[in-house]
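*Asks:* Contents of protein_10.txt (compact mmCIF, C-alpha atoms and all ligand atoms) are below:
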```txt
# COMPACT_ATOMS: atom_id res chain seq x y z
CA MET G 1 -59.80 11.71 -14.19
CA TYR G 2 -63.37 10.96 -13.19
CA GLN G 3 -64.24 12.93 -10.08
CA GLY G 4 -65.08 10.73 -7.11
CA GLN G 5 -62.92 7.81 -8.28
CA ARG G 6 -60.18 7.39 -5.70
CA ILE G 7 -56.67 6.78 -7.04
CA ARG G 8 -55.68 3.25 -6.01
CA LEU G 9 -52.81 2.35 -8.34
CA ILE G 10 -49.70 4.27 -9.31
CA THR G 11 -47.62 2.83 -12.13
CA ILE G 12 -44.09 4.17 -12.40
CA ASP G 13 -41.49 3.94 -15.13
CA LEU G 14 -37.94 2.98 -14.04
CA ASP G 15 -35.17 4.18 -16.40
CA ASP G 16 -34.59 7.96 -16.19
CA THR G 17 -37.60 8.30 -13.88
CA LEU G 18 -36.13 6.61 -10.78
CA TRP G 19 -32.46 6.32 -11.82
CA PRO G 20 -30.27 7.53 -14.70
CA CYS G 21 -30.29 4.76 -17.31
CA ALA G 22 -27.26 5.48 -19.52
CA PRO G 23 -24.51 5.14 -16.85
CA ALA G 24 -25.86 1.74 -15.73
CA ILE G 25 -25.99 0.38 -19.30
CA GLN G 26 -22.59 1.85 -20.24
CA ASP G 27 -20.96 0.31 -17.15
CA ALA G 28 -22.64 -3.05 -17.78
CA GLU G 29 -21.55 -3.08 -21.44
CA LYS G 30 -17.96 -2.21 -20.50
CA VAL G 31 -17.76 -4.96 -17.84
CA LEU G 32 -19.28 -7.41 -20.32
CA TYR G 33 -16.87 -6.43 -23.11
CA ASP G 34 -13.82 -6.81 -20.83
CA TRP G 35 -15.12 -10.22 -19.74
CA LEU G 36 -15.66 -11.27 -23.37
CA SER G 37 -12.16 -10.06 -24.32
CA ALA G 38 -10.67 -12.48 -21.78
CA ARG G 39 -12.94 -15.46 -22.49
CA ALA G 40 -13.95 -15.11 -26.14
CA PRO G 41 -11.11 -13.17 -27.77
CA ARG G 42 -11.98 -14.23 -31.34
CA LEU G 43 -15.36 -12.55 -30.84
CA THR G 44 -13.94 -9.26 -29.49
CA GLN G 45 -11.21 -9.20 -32.16
CA ALA G 46 -14.04 -9.10 -34.71
CA HIS G 47 -16.46 -6.85 -32.80
CA ASP G 48 -16.20 -3.67 -30.78
CA PRO G 49 -19.10 -2.50 -28.56
CA ILE G 50 -20.56 -0.46 -31.42
CA SER G 51 -20.69 -3.38 -33.85
CA LEU G 52 -22.15 -5.58 -31.08
CA ARG G 53 -24.98 -3.03 -30.74
CA GLU G 54 -25.48 -3.06 -34.52
CA HIS G 55 -25.63 -6.86 -34.42
CA ARG G 56 -28.43 -6.64 -31.81
CA ARG G 57 -30.24 -4.04 -33.88
CA GLN G 58 -30.14 -6.33 -36.91
CA LEU G 59 -31.43 -9.22 -34.80
CA MET G 60 -34.39 -7.07 -33.65
CA LEU G 61 -35.21 -6.30 -37.28
CA GLN G 62 -34.99 -9.97 -38.25
CA ARG G 63 -36.95 -11.19 -35.21
CA PRO G 64 -39.65 -8.56 -34.50
CA GLU G 65 -41.45 -11.08 -32.28
CA ILE G 66 -38.68 -10.73 -29.64
CA ALA G 67 -37.81 -7.05 -30.19
CA HIS G 68 -39.79 -5.97 -27.09
CA ASP G 69 -37.75 -8.28 -24.85
CA VAL G 70 -34.32 -6.70 -24.46
CA THR G 71 -33.01 -9.58 -22.35
CA ALA G 72 -33.96 -12.13 -25.00
CA VAL G 73 -32.40 -9.97 -27.73
CA ARG G 74 -29.11 -9.69 -25.83
CA GLN G 75 -29.07 -13.39 -24.94
CA ILE G 76 -29.84 -14.64 -28.44
CA ALA G 77 -27.34 -12.19 -29.96
CA LEU G 78 -24.62 -13.49 -27.65
CA ARG G 79 -25.51 -17.12 -28.42
CA GLU G 80 -25.35 -16.42 -32.16
CA LEU G 81 -21.94 -14.81 -31.81
CA MET G 82 -20.57 -17.60 -29.59
CA HIS G 83 -21.71 -20.11 -32.19
CA GLN G 84 -20.24 -18.05 -35.04
CA PHE G 85 -16.83 -17.78 -33.31
CA ASP G 86 -16.86 -21.40 -32.13
CA TYR G 87 -17.37 -20.93 -28.41
CA PRO G 88 -19.80 -22.96 -26.25
CA SER G 89 -23.27 -21.40 -25.89
CA ALA G 90 -22.92 -21.74 -22.10
CA LEU G 91 -20.45 -18.86 -22.35
CA ALA G 92 -23.27 -16.66 -23.71
CA ASP G 93 -25.43 -17.51 -20.70
CA GLN G 94 -22.59 -16.67 -18.31
CA ALA G 95 -22.00 -13.41 -20.16
CA MET G 96 -25.69 -12.53 -19.98
CA ALA G 97 -25.82 -13.26 -16.24
CA LEU G 98 -22.83 -10.96 -15.75
CA PHE G 99 -24.45 -8.20 -17.83
CA GLN G 100 -27.70 -8.52 -15.89
CA ARG G 101 -25.96 -8.26 -12.50
CA GLN G 102 -24.24 -5.08 -13.67
CA ARG G 103 -27.45 -3.72 -15.23
CA ASN G 104 -29.12 -3.94 -11.83
CA ARG G 105 -26.41 -1.78 -10.23
CA VAL G 106 -28.37 1.40 -10.77
CA GLU G 107 -28.06 4.48 -8.62
CA PRO G 108 -31.51 5.87 -7.80
CA TYR G 109 -32.04 9.64 -7.76
CA PRO G 110 -31.98 10.86 -4.13
CA ASP G 111 -35.73 11.64 -4.14
CA ALA G 112 -36.76 8.15 -5.34
CA VAL G 113 -36.62 6.06 -2.15
CA PRO G 114 -38.32 8.60 0.19
CA ALA G 115 -41.11 9.30 -2.33
CA LEU G 116 -41.78 5.63 -3.08
CA ALA G 117 -41.75 4.76 0.64
CA GLN G 118 -44.41 7.41 1.25
CA LEU G 119 -46.52 6.51 -1.80
CA ARG G 120 -46.59 2.79 -1.05
CA GLN G 121 -48.37 3.49 2.24
CA ARG G 122 -51.38 4.90 0.39
CA TYR G 123 -51.38 3.33 -3.08
CA ARG G 124 -50.55 0.09 -4.87
CA LEU G 125 -47.23 0.74 -6.60
CA VAL G 126 -46.30 -1.09 -9.80
CA SER G 127 -43.13 -0.43 -11.79
CA LEU G 128 -43.47 -0.62 -15.59
CA THR G 129 -40.39 -0.78 -17.78
CA ASN G 130 -39.45 -1.35 -21.39
CA GLY G 131 -35.98 -2.24 -20.10
CA ASN G 132 -34.63 -5.22 -18.19
CA ALA G 133 -33.54 -3.94 -14.79
CA GLU G 134 -34.76 -6.39 -12.13
CA VAL G 135 -36.15 -4.18 -9.35
CA GLN G 136 -35.74 -6.88 -6.70
CA HIS G 137 -31.98 -6.80 -7.34
CA THR G 138 -31.66 -3.00 -7.29
CA PRO G 139 -31.51 -0.56 -4.38
CA LEU G 140 -35.30 -0.09 -4.82
CA ARG G 141 -36.11 -3.68 -3.77
CA GLY G 142 -39.11 -3.94 -1.50
CA LEU G 143 -40.65 -0.60 -2.49
CA PHE G 144 -43.02 -1.85 -5.21
CA HIS G 145 -45.98 -4.16 -4.77
CA CYS G 146 -45.35 -5.56 -8.24
CA SER G 147 -42.82 -5.01 -11.04
CA LEU G 148 -43.67 -5.62 -14.70
CA SER G 149 -41.62 -5.39 -17.89
CA ALA G 150 -42.36 -5.32 -21.60
CA ALA G 151 -41.21 -8.95 -21.66
CA ASP G 152 -44.04 -9.78 -19.21
CA ALA G 153 -46.62 -7.89 -21.29
CA GLY G 154 -45.44 -9.09 -24.70
CA ALA G 155 -45.09 -5.50 -25.97
CA CYS G 156 -43.24 -2.27 -25.19
CA LYS G 157 -44.84 1.01 -24.16
CA PRO G 158 -46.49 2.87 -25.94
CA ASP G 159 -48.50 -0.34 -26.54
CA PRO G 160 -51.38 -0.47 -23.99
CA ALA G 161 -50.44 -4.03 -22.87
CA LEU G 162 -48.12 -3.07 -20.01
CA PHE G 163 -50.61 -0.57 -18.52
CA GLU G 164 -53.44 -3.07 -18.88
CA LEU G 165 -51.39 -5.82 -17.23
CA ALA G 166 -50.76 -3.55 -14.22
CA MET G 167 -54.47 -2.62 -13.90
CA ASP G 168 -55.46 -6.30 -14.18
CA TRP G 169 -52.93 -7.19 -11.49
CA ALA G 170 -54.33 -4.53 -9.14
CA GLY G 171 -57.97 -5.10 -10.12
CA VAL G 172 -58.56 -1.40 -10.82
CA THR G 173 -59.86 0.77 -13.66
CA ALA G 174 -58.02 3.41 -15.66
CA TYR G 175 -59.89 6.08 -13.66
CA GLN G 176 -58.24 4.74 -10.50
CA THR G 177 -54.74 4.70 -11.99
CA VAL G 178 -52.02 7.32 -12.42
CA HIS G 179 -48.87 6.73 -14.44
CA VAL G 180 -45.61 8.52 -13.67
CA GLY G 181 -42.73 8.67 -16.14
CA ASP G 182 -40.06 10.71 -17.91
CA ASP G 183 -40.92 10.10 -21.55
CA PRO G 184 -43.59 12.35 -23.11
CA LEU G 185 -44.57 9.74 -25.71
CA LEU G 186 -43.85 6.37 -24.08
CA ASP G 187 -45.12 7.36 -20.64
CA VAL G 188 -47.43 10.38 -20.66
CA ASP G 189 -49.09 10.12 -24.05
CA ALA G 190 -49.20 6.29 -24.04
CA ALA G 191 -50.83 6.20 -20.58
CA ARG G 192 -53.42 8.79 -21.58
CA ARG G 193 -54.38 6.73 -24.62
CA VAL G 194 -55.35 3.94 -22.21
CA GLY G 195 -57.41 6.43 -20.16
CA LEU G 196 -54.93 6.94 -17.33
CA SER G 197 -53.94 10.27 -15.82
CA ALA G 198 -50.25 10.87 -16.41
CA ILE G 199 -47.57 12.78 -14.54
CA TRP G 200 -44.45 13.90 -16.36
CA VAL G 201 -41.16 13.67 -14.45
CA ASN G 202 -39.08 16.34 -16.15
CA ARG G 203 -35.72 16.19 -14.36
CA ALA G 204 -33.76 17.87 -17.16
CA GLY G 205 -36.02 20.92 -17.51
CA MET G 206 -37.05 20.03 -21.08
CA ASN G 207 -39.80 21.79 -22.98
CA TRP G 208 -42.99 19.79 -23.39
CA PRO G 209 -43.39 18.73 -27.07
CA PRO G 210 -45.74 21.34 -28.59
CA ASP G 211 -47.63 18.74 -30.65
CA LEU G 212 -48.76 16.79 -27.54
CA GLU G 213 -51.50 17.66 -25.09
CA PRO G 214 -49.83 18.78 -21.81
CA PRO G 215 -49.58 16.27 -18.92
CA TRP G 216 -51.95 16.27 -15.94
CA CYS G 217 -49.03 17.37 -13.82
CA GLU G 218 -45.31 18.07 -14.34
CA VAL G 219 -42.75 17.57 -11.57
CA SER G 220 -38.98 18.11 -11.56
CA ASP G 221 -38.46 15.19 -9.20
CA LEU G 222 -40.61 12.86 -7.10
CA SER G 223 -40.39 14.69 -3.79
CA GLU G 224 -43.51 16.79 -4.41
CA LEU G 225 -45.57 13.88 -5.71
CA PRO G 226 -47.02 12.38 -2.48
CA CYS G 227 -48.38 15.77 -1.27
CA TRP G 228 -49.64 16.70 -4.72
CA LEU G 229 -51.58 13.44 -5.03
CA ASP G 230 -52.96 13.80 -1.50
CA ASP G 231 -54.24 17.29 -2.40
CA ARG G 232 -55.94 15.96 -5.56
CA ALA G 233 -57.51 13.12 -3.51
CA ARG G 234 -58.86 15.69 -1.03
CA ASP G 235 -60.26 17.84 -3.86
CA ARG G 236 -61.98 14.82 -5.35
CA SER G 237 -63.55 13.70 -2.09
CA ILE G 238 -64.88 17.26 -1.51
CA ASN G 239 -66.23 17.38 -5.07
CA ALA G 240 -67.84 13.99 -4.59
CA LEU G 241 -69.80 15.12 -1.50
MG MG E 301 -37.94 6.13 -18.80
```
Let me see the file written as structure tokens.
*Replies:*
Amino acid sequence: MYQGQRIRLITIDLDDTLWPCAPAIQDAEKVLYDWLSARAPRLTQAHDPISLREHRRQLMLQRPEIAHDVTAVRQIALRELMHQFDYPSALADQAMALFQRQRNRVEPYPDAVPALAQLRQRYRLVSLTNGNAEVQHTPLRGLFHCSLSAADAGACKPDPALFELAMDWAGVTAYQTVHVGDDPLLDVDAARRVGLSAIWVNRAGMNWPPDLEPPWCEVSDLSELPCWLDDRARDRSINAL
């Protein structure tokens, strides 16, 4: 961080930073599978949820150009299967819409809403995700100034594209940007490679990977983040005098 440059943009990861990811996906996949069992039984007689995941994995290998876009992968996989089992492709679109509605039913960690509400008063807040939760349809609607996904950027983190898209949107430099996320490689290390300061949200009390340079700051949840950033801003303005 260059002293004297005021932080103007905070980019924040979604899954496992602001809500637990696995329960939302597991619930969405179960609801989808039950729905498919009733409407496309030939498909579910041939596939269980594990083989459906393997089918998506194979599709990502065959079509690397869409691998960063998890919605496109799921949608195309469902269309392929509907075609294969002689169902109309419209059924795939209905299934995808159902999955997406369920995917958005995330349960934010209790510290998320109060911290974001405080941060958005002082900084531009942009969510950055490799996943496909739609923030405007989650309980965190209205808390971000902008929400971007790997599908928007054309690449997943750790590629720089998503960070660069956020900085372009806000019209700021890397020196004026802080990234906050749970993943040492995809969030902290990837952000640093673009020149951003990075804060590690370590909710599970993990050890920092010994082969990576430590983060600028480590927090166990987001509640301490607004005060911590205010203190750094004060330090920088004193140092800049
Ligand atoms: Mg994450």
*Asks:* Could the residues that lie within 9 Å of ligand MG 301 (chain E), counting only C-alpha atoms and all ligand atoms, be listed as a list in words?
*Replies:*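 The residues within 9 Å of ligand MG 301 (chain E), counting only C-alpha atoms and all ligand atoms, are Asp13, Leu14, Asp15, Asp16, Thr17, Leu18, Trp19, Pro20, Cys21, Thr129, Asn130, Gly131, Gly181, Asp182, Asp183, Leu186 and Asp187 of chain G.
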*Asks:* Rounded to one decimal, what separation in Å do you get between atom CA of Pro64 of chain G and atom CA of Ile76 of chain G?
*Replies:*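 One can read the atom CA of Pro64 of chain G to atom CA of Ile76 of chain G distance as 13.0 Å.
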*Asks:* Determine the nearest neighbour of Ser223 of chain G from the options G:Val178, G:Met167, G:Ala117, G:Leu81, counting all atoms listed in the file.
*Replies:*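 Of all the options, G:Ala117 lies closest to Ser223 of chain G.
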*Asks:* I'd like the interatomic distance between atom CA of Arg232 of chain G and atom CA of Pro209 of chain G, to a tenth of an Å.
*Replies:*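 Calculated distance between atom CA of Arg232 of chain G and atom CA of Pro209 of chain G is 25.1 Å.
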*Asks:* Name the closest residue to Val194 of chain G among the candidates G:Asp111, G:Asp235, G:Asp159, G:Asp27; distances are taken between atoms, counting all atoms listed in the file.
*Replies:*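 Going through G:Asp111, G:Asp235, G:Asp159, G:Asp27 one by one, the smallest distance to Val194 of chain G is for G:Asp159.
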*Asks:* Counting all atoms listed in the file, which residue out of G:Ala115, G:Ala28, G:Ala40, G:Ala190 sits closest to Pro88 of chain G?
*Replies:* G:Ala40
*Asks:* Taking into account all atoms listed in the file, which residue in the set G:Asp48, G:Val31, G:Arg120, G:Ala151 is nearest to Met96 of chain G?
*Replies:* G:Val31
*Asks:* Pick out the closest residue to Trp169 of chain G from this set: G:Val126, G:Pro110, G:Arg57, G:Thr138. Count only C-alpha atoms.
*Replies:* G:Val126
*Asks:* Restricting the calculation to all atoms listed in the file: of G:Leu98, G:Ala155, G:Leu196, G:Leu59, which residue gets closest to Tyr33 of chain G?
*Replies:* G:Leu98
*Asks:* If you measure from atom CA of Thr173 of chain G to atom CA of Thr11 of chain G, what distance in Å do you get, rounded to one decimal?
*Replies:*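 Computed distance, atom CA of Thr173 of chain G to atom CA of Thr11 of chain G, equals 12.5 Å.
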*Asks:* Distance cut-off 12 Å, centre (-18.8, -2.7, -21.2) in file coordinates, counting only C-alpha atoms: which residues qualify? Return them as a PyMOL selection string.
*Replies:* chain G and resi 22-37+44+48-50+52-53+95+98-100+102-103
